[in-house]
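Taking it in order: structure first as structure tokens, then the write-up.
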Amino acid sequence: MSKATTLTEVIQNNRTLPRVLTYLEGEDHARDVSFGELYERALGILFHLQRIGARRGDKLILLLADNEQFIDVFWAAILGGIVPVPVALGISDEHRHKLLRIARRLGRPFIYTERRALERLGAFAAQAGESQVFEGLRQRAFLVDDLDDISRAGDVQRVSADDTAFIQFSSGSTSEPKGVVLTHGNILANCYGSTEAAGFNEHDVSLSWMPLTHDMGLIGFHLIMFANRVHTHLMPTELFIRRPLLWLAFASRVRATILCSPNFGYKHYLKVLGERAVEGLDLSAVRLMFNGAEPISVELCDEFLTRLAAAKLSRNAMYPVYGLAEASLAVSFPPVGAPMRTITLNRHRMKVGDPVELVSADDPNAVRLICEGKAIPYCRVRIAGDDDVELPPDRIGHVHITGDNVTRGYYEDPAANAAAFSADGWLRTGDLGLMHGGELYISGRAKEIIFVNGQNYYPHDLEAIAQRAPGLELGKVVAAGVRSRGTQLEQLVVFVLHRGGMADFLPLATQVARLINEQAGLEVAAVLPVKRIPKTTSGKIQRHLLEESYADGEFDAGQQELAALRAAQRGPEAGSRTAIEERLKGICDKALEGKRVDIHDNLFEIGASSLKLIEIHEQIDREYPGKVDLTELFDFPTIAELAQHLQSKLLQA
């Protein structure tokens, strides 16, 4: 890897090399793009961006679902000194709110997207009273649909290591999203540090399904791989969600050496695999299987490695790492080839400043933590108390980071910057952890973030959505991410202040779950009543107390009572169904395994998350090609309504 100082130098240094990127679009459809072709295409797109007025330092929102289109325009912006701002396309109102808020924060950004996405955003903006923000975007939009000639090259702009390379915005639909500003120097420091720690080289072959709007997808499995001239394979996230078994089938086929997934991806793969034997896979080439982006389940790692042992996947390939967007991705890596190491602590002795209390695995209060290694080169980690003073080893504290890879701040957000950095310049990550044996273990989080399906959500955003239910208001609803004993994934649980009976609470619980599901695309594991919401003396909600009570099983009886009331209320299933209703019900039953689905049930009320909707839509599209758009599941949320809509489409054909 050449010692470039900017991403512009990286692509210019790579353009003459006989290397390719491979886009995997389906089981038998792959497309290779050479480094030279990528460079020429980026220059051609840059010409169009500059023609519509985009100049060095301007911001460009990237709103694209297609990996190849995203990569092309990302590098076009980099070459022109234009600042890319990746935003997930999404299918929910939460994503559209976020994009409009980002646009407002950026001032006068340009946007690169497809016509259909822009039209949908315009329709939503009109409903949400955001037409003025949208009109500004529309006037500075370039539609990929109109890209018919890239023969003319744009003008490459000189940039420095201190210039902003791109901005990655956090969650934020009802609150202002924070834009993590990353310089060329930040990203390349991370690249060099990660490479020294993990030994990336030109002989590696990588494969990723992570979205390019996510730092692991964009930085980890494109920019770092590209800088190291790794043969990179990119698989659409939506394809992984629909057909997760293709992921490792591809890995076996291309002899991948480097893979990645957050916790939920490993779980999703195993769920679809079911009880089937692993056959026809050879994963012996895999040397690193990154596991990050959300809390890591030791039990899930063990289960995954055990199931895939038949495919010759080394147990030492699992690579649990710690990172965050503010660090340009990577903070700490374990030694390459080392077995996973864990410690088991008393879950009730894990407050800031507590000395760790090691317990046996069978202790009723046991919680296992996984080792996430040492800080990569050019980055430093410390564990600090509430006073920002470093704590000795084996004490729980706040995880702080500093180094060349760490952002200097959030985009035009003095308040967020003041809260994020200590007086001596260390970034407060918001996570809790400890140093044990000189290595980092993450124990929880101090900042209020919920991890679901590899994405971060702020509780107050979800609470604001829930408060739209009649009778709810600020302070009466608490969203929390919890992991019950014996479970491998964090679940979203909503606690609601309610002093009446369970029968009175059930309609409210149903509406809260539906609102969050519809607006944010998240499945709510449970909506539960509480007689009191614990708060500090200053009035701050103590989510951790509710989370601990849930994990200890204190709400189990209430959940069972609600489930019984729900079942009694629904009564017997509807009788006769049309042929289309029958086929749609079969699809929904399979996707929502374990849930009872009647044709008049609102899918959002019974927990059809955005991932499940993609799965349901994919099966409907197989049965009725091109007849139902994914977004129409929001317009016709019951099987009966969707069947009637589909019937009218078929009659028009």
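Ordering of the structure tokens sets the chain letters (A, B, ...); residue numbers start at 1 within each chain; ligands are numbered from 1 in the order shown.
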
Problem set entry | Exercise: Phe304 of chain A partners within 9 Å, only C-alpha atoms, chain neighbours under 5 positions left out, as a PyMOL selection string | chain A and resi 266-267+269-270+299+309

For this session: Tell me which protein, DNA and RNA residues are within 12 Å of segment 21-34 of chain A, counting only C-alpha atoms, leaving out same-chain ones fewer than 2 positions away, and put them as a PyMOL selection string.
Result: chain A and resi 11+14-19+36-41+66-72+205-209+221-223+225-226+229-240+242-251+253-254

Exercise. Just asking: which residues within segment 57-174 of chain A are helix (DSSP H, G or I) according to DSSP, as a ChimeraX atom specification?
Worked result: /A:67-79,93-106,115-127,131-139,144-146

Create the file for the chosen residues now, containing C-alpha atoms and written as a PDB file, in the first residue's frame.
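And here's selection.pdb as it stands now:
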```pdb
ATOM      1  CA  ASN A  67     -23.545  -0.156  -4.721  1.00  0.00           C
ATOM      2  CA  GLU A  68     -21.916   0.486  -8.087  1.00  0.00           C
ATOM      3  CA  GLN A  69     -23.630   3.846  -8.558  1.00  0.00           C
ATOM      4  CA  PHE A  70     -22.667   4.813  -4.994  1.00  0.00           C
ATOM      5  CA  ILE A  71     -18.972   3.955  -5.427  1.00  0.00           C
ATOM      6  CA  ASP A  72     -18.789   5.805  -8.761  1.00  0.00           C
ATOM      7  CA  VAL A  73     -20.191   9.078  -7.439  1.00  0.00           C
ATOM      8  CA  PHE A  74     -18.361   8.825  -4.100  1.00  0.00           C
ATOM      9  CA  TRP A  75     -15.021   8.877  -5.918  1.00  0.00           C
ATOM     10  CA  ALA A  76     -16.281  11.559  -8.308  1.00  0.00           C
ATOM     11  CA  ALA A  77     -16.923  13.805  -5.313  1.00  0.00           C
ATOM     12  CA  ILE A  78     -13.542  12.982  -3.747  1.00  0.00           C
ATOM     13  CA  LEU A  79     -11.724  13.880  -6.970  1.00  0.00           C
ATOM     14  CA  ASP A  93     -40.664   7.849   7.442  1.00  0.00           C
ATOM     15  CA  GLU A  94     -37.759   7.853   9.904  1.00  0.00           C
ATOM     16  CA  HIS A  95     -35.261   7.757   7.028  1.00  0.00           C
ATOM     17  CA  ARG A  96     -37.023  10.549   5.121  1.00  0.00           C
ATOM     18  CA  HIS A  97     -37.222  12.778   8.202  1.00  0.00           C
ATOM     19  CA  LYS A  98     -33.525  12.221   8.784  1.00  0.00           C
ATOM     20  CA  LEU A  99     -32.596  13.172   5.225  1.00  0.00           C
ATOM     21  CA  LEU A 100     -34.577  16.413   5.348  1.00  0.00           C
ATOM     22  CA  ARG A 101     -33.035  17.336   8.681  1.00  0.00           C
ATOM     23  CA  ILE A 102     -29.574  16.655   7.287  1.00  0.00           C
ATOM     24  CA  ALA A 103     -30.324  18.818   4.255  1.00  0.00           C
ATOM     25  CA  ARG A 104     -31.417  21.662   6.521  1.00  0.00           C
ATOM     26  CA  ARG A 105     -28.291  21.286   8.668  1.00  0.00           C
ATOM     27  CA  LEU A 106     -25.992  21.352   5.632  1.00  0.00           C
ATOM     28  CA  ARG A 115     -35.769  10.009 -10.010  1.00  0.00           C
ATOM     29  CA  ARG A 116     -38.098   7.636  -8.163  1.00  0.00           C
ATOM     30  CA  ALA A 117     -36.434   8.293  -4.791  1.00  0.00           C
ATOM     31  CA  LEU A 118     -36.565  12.062  -5.333  1.00  0.00           C
ATOM     32  CA  GLU A 119     -40.257  11.926  -6.238  1.00  0.00           C
ATOM     33  CA  ARG A 120     -41.064   9.917  -3.105  1.00  0.00           C
ATOM     34  CA  LEU A 121     -39.076  12.318  -0.967  1.00  0.00           C
ATOM     35  CA  GLY A 122     -41.018  15.216  -2.504  1.00  0.00           C
ATOM     36  CA  ALA A 123     -44.363  13.596  -1.753  1.00  0.00           C
ATOM     37  CA  PHE A 124     -43.319  12.938   1.835  1.00  0.00           C
ATOM     38  CA  ALA A 125     -41.946  16.470   2.270  1.00  0.00           C
ATOM     39  CA  ALA A 126     -45.289  17.922   1.140  1.00  0.00           C
ATOM     40  CA  GLN A 127     -47.125  15.867   3.776  1.00  0.00           C
ATOM     41  CA  SER A 131     -41.622  21.558   0.941  1.00  0.00           C
ATOM     42  CA  GLN A 132     -39.201  24.465   1.229  1.00  0.00           C
ATOM     43  CA  VAL A 133     -36.293  22.214   2.234  1.00  0.00           C
ATOM     44  CA  PHE A 134     -37.172  19.751  -0.502  1.00  0.00           C
ATOM     45  CA  GLU A 135     -37.435  22.455  -3.167  1.00  0.00           C
ATOM     46  CA  GLY A 136     -33.907  23.562  -2.356  1.00  0.00           C
ATOM     47  CA  LEU A 137     -32.720  19.986  -2.797  1.00  0.00           C
ATOM     48  CA  ARG A 138     -34.646  19.509  -6.029  1.00  0.00           C
ATOM     49  CA  GLN A 139     -32.997  22.562  -7.589  1.00  0.00           C
ATOM     50  CA  VAL A 144     -28.493   9.061 -11.992  1.00  0.00           C
ATOM     51  CA  ASP A 145     -31.271   8.272 -14.499  1.00  0.00           C
ATOM     52  CA  ASP A 146     -29.979  11.176 -16.624  1.00  0.00           C
TER      53      ASP A 146
END
```

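Counting from atom CA of Lys649 of chain A, the distance to atom CA of Ile616 of chain A is 18.1 Å.
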
Exercise. What's the 10 Å shell around Ala141 of chain A, counting only C-alpha atoms, without same-chain residues fewer than 6 positions away, as a list in words?
Worked result: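 With the cut-off at 10 Å, the set is Leu49, Ile52, Leu60, Ile61, Pro109, Phe110, Ile111, Tyr112, Thr113, Glu114, Arg115, Leu118 and Glu135 of chain A.
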
For this session: Check the smallest atom-to-atom distance from each of A:Arg108, A:Lys3, A:His617, A:Lys590 to Leu188 of chain A using only C-alpha atoms, then report the winner.
Result: A:Lys3

Exercise. In terms of the shortest atom-to-atom distance over only C-alpha atoms, which of A:Pro393, A:Gly80, A:Gly179, A:Pro339 is closest to Pro355 of chain A?
Worked result: A:Pro393

For this session: Select, from A:Glu632, A:Glu561, A:Asp302, A:Glu196, the residue with the minimum atom-to-atom distance to Pro377 of chain A, counting only C-alpha atoms.
Result: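 Distance minimum relative to Pro377 of chain A lands on A:Glu196.
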
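Take atom CA of Ala375 of chain A and atom CA of Val359 of chain A: the distance between them is 26.5 Å.
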
For this session: Would you please give, as a PyMOL selection string, all residues of segment 265-495 of chain A that DSSP assigns to strand (DSSP E) based on the backbone?
Result: chain A and resi 288-291+318-320+322-324+329-333+342-346+366-370+374-375+379-384+397-403+427-436+439-445+450-452+455-457+477-482+491-495

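Going from atom CA of Phe169 of chain A to atom CA of Leu7 of chain A covers 19.9 Å.
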
Exercise. Counting only C-alpha atoms, what is within 8 Å of Ile401 of chain A, bar same-chain residues fewer than 5 positions away, as a PyMOL selection string?
Worked result: chain A and resi 327+331+379-382+406+426-429
